[in-house]
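Reading through the structure tokens given below for one structure.
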Amino acid sequence: MILFPAIDLKDGQCVRLKLGDMEQATVYNPDPGAQAKAFEEQGFEWLHVVDLNGAFAGETVNGAAVDAILKSTKNPVQLGGGIRTLAHIESWLSRGLTRVILGTVAVRDPMLVKEACRLFPDGVAVGIDAKGGKVAVEGWAEASELGVIELAKKFEGVGVAAIIYTDIDRDGILTGINWDSTLELAEAVSIPVIASGGLASINDIHRMLEPDARKLEGAISGRALYDGRIDPAEALALIKAARAKEAAQ
């Protein structure tokens, strides 16, 4: 089980959005590289990064900030937002990313995702953002008629490293992760699922360590970490203890 701290990039700064609305952004750190380093020093093992401008533009916008993050941390980094072509995927992986997250293109062009998985083993994750149970695309600005599980099943057996599942209705408002939908998705596919959207308190950390959630790869936390609602040392200690207990069984 991994707790992924999140860095969302808007105009080169580290921000958090409320309900995916670019007009409701709170700046938490003007220096994303420094934030990445701080997360590493706190003991986190991974980093989740989203180029928010890129998600809307359909191309990388905060590339300089991502490069600064990669220079500032030794932790593996996964990046989503505006990555839509094989050339773009190859470019980012060659610059030091551990994996790219494909969202809109996974809906628009599933064959590109499959080809990317073939070319870059373990380097491709799929981001599924849902609103009212339906998949949203183009930086959450546009809803589709595609169901979450329907989309996820398209990528069974092709080598997708993980599915990052975000409930937009809960993102950034600290109401707790939508565990029912997340676990339903995890039950429906063999691909590891990462929970995202709404992680609110240490109670969510306890919840993700319950036996029925062990099938998850982990969860992403943003605002709760920045606002101090989750103490990193406490959360990571709980996860470490759970890992040790599982290893001993």
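Labels used: A, B, ... for chains in the order of the structure tokens, numbers from 1 for residues in each chain, and numbers from 1 for ligands as shown.
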
Strand (DSSP E) positions in region 68-234 of chain A, given as a count of residues only: 40

What lies within 8 Å of region 184-200 of chain A using only C-alpha atoms, ignoring chain neighbours under 5 positions off, as a PyMOL selection string? chain A and resi 148-149+152-153+156+160-178+215-224+229-230

Written file, previous selection with C-alpha atoms, as a CSV table (one decimal), in the first residue's frame:
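Result file selection-v8.csv:
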```csv
chain,number,residue,atom,x,y,z
A,148,VAL,CA,-15.9,3.5,-15.4
A,149,ILE,CA,-15.7,-0.3,-15.3
A,152,ALA,CA,-11.2,-0.1,-17.3
A,153,LYS,CA,-12.0,-3.5,-18.8
A,156,GLU,CA,-7.2,-5.8,-19.1
A,160,VAL,CA,-1.3,-1.1,-17.9
A,161,ALA,CA,0.7,-0.6,-14.7
A,162,ALA,CA,-2.2,1.0,-12.7
A,163,ILE,CA,-5.5,2.7,-12.9
A,164,ILE,CA,-5.8,6.0,-11.1
A,165,TYR,CA,-9.5,6.4,-10.2
A,166,THR,CA,-10.7,9.9,-9.2
A,167,ASP,CA,-14.2,10.7,-8.1
A,168,ILE,CA,-14.4,14.4,-9.3
A,169,ASP,CA,-17.4,15.0,-7.1
A,170,ARG,CA,-15.2,14.5,-4.0
A,171,ASP,CA,-11.9,16.0,-5.3
A,172,GLY,CA,-10.4,18.7,-3.2
A,173,ILE,CA,-13.3,19.0,-0.7
A,174,LEU,CA,-12.1,16.6,2.0
A,175,THR,CA,-15.2,14.5,2.2
A,176,GLY,CA,-13.4,11.1,2.1
A,177,ILE,CA,-12.6,8.8,-0.7
A,178,ASN,CA,-15.5,7.1,-2.5
A,215,LYS,CA,-6.2,-5.2,-3.4
A,216,LEU,CA,-5.5,-1.4,-4.0
A,217,GLU,CA,-2.1,-0.2,-4.9
A,218,GLY,CA,-2.6,2.8,-2.7
A,219,ALA,CA,-4.2,6.3,-2.5
A,220,ILE,CA,-3.4,9.8,-3.5
A,221,SER,CA,-3.5,12.7,-1.0
A,222,GLY,CA,-3.3,16.4,-1.8
A,223,ARG,CA,-5.2,19.0,0.1
A,224,ALA,CA,-5.3,16.9,3.4
A,229,ARG,CA,-5.3,17.3,8.3
A,230,ILE,CA,-3.0,14.3,7.8
```

List the spatial neighbours of Gly80 (chain A) as a ChimeraX atom specification - criterion: any atom at most 12 Å away, only C-alpha atoms, same-chain residues fewer than 6 positions off excluded. /A:6-9,47-56,58-63,66,88-89,92,97-106,124-129,138-139,163-164

Determine the nearest neighbour of Arg207 (chain A) from the options A:Ala36, A:Ile69, A:Val27, A:Leu183, counting only C-alpha atoms.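 Closest to Arg207 (chain A), using only C-alpha atoms: A:Leu183.
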
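Here CA of Glu40 (chain A) stands at a distance of 29.5 Å from CA of Ala130 (chain A).
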
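Of note, CA of Asp11 (chain A) and CA of Lys74 (chain A) are spaced 23.9 Å apart.
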
Nearest to Phe39 (chain A): which of A:Gly96, A:Pro76, A:Pro121, A:Gly157 is it, counting only C-alpha atoms?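 Closest to Phe39 (chain A), using only C-alpha atoms: A:Pro76.
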
In region 101-205 of chain A, what's alpha helix (DSSP H) per DSSP? Answer as a ChimeraX atom specification? /A:104-108,110-119,148-153,179-188,202-205

Would you mind reading off the distance between CA of Arg95 (chain A) and CA of Val15 (chain A), one decimal, in Å? 23.2 Å
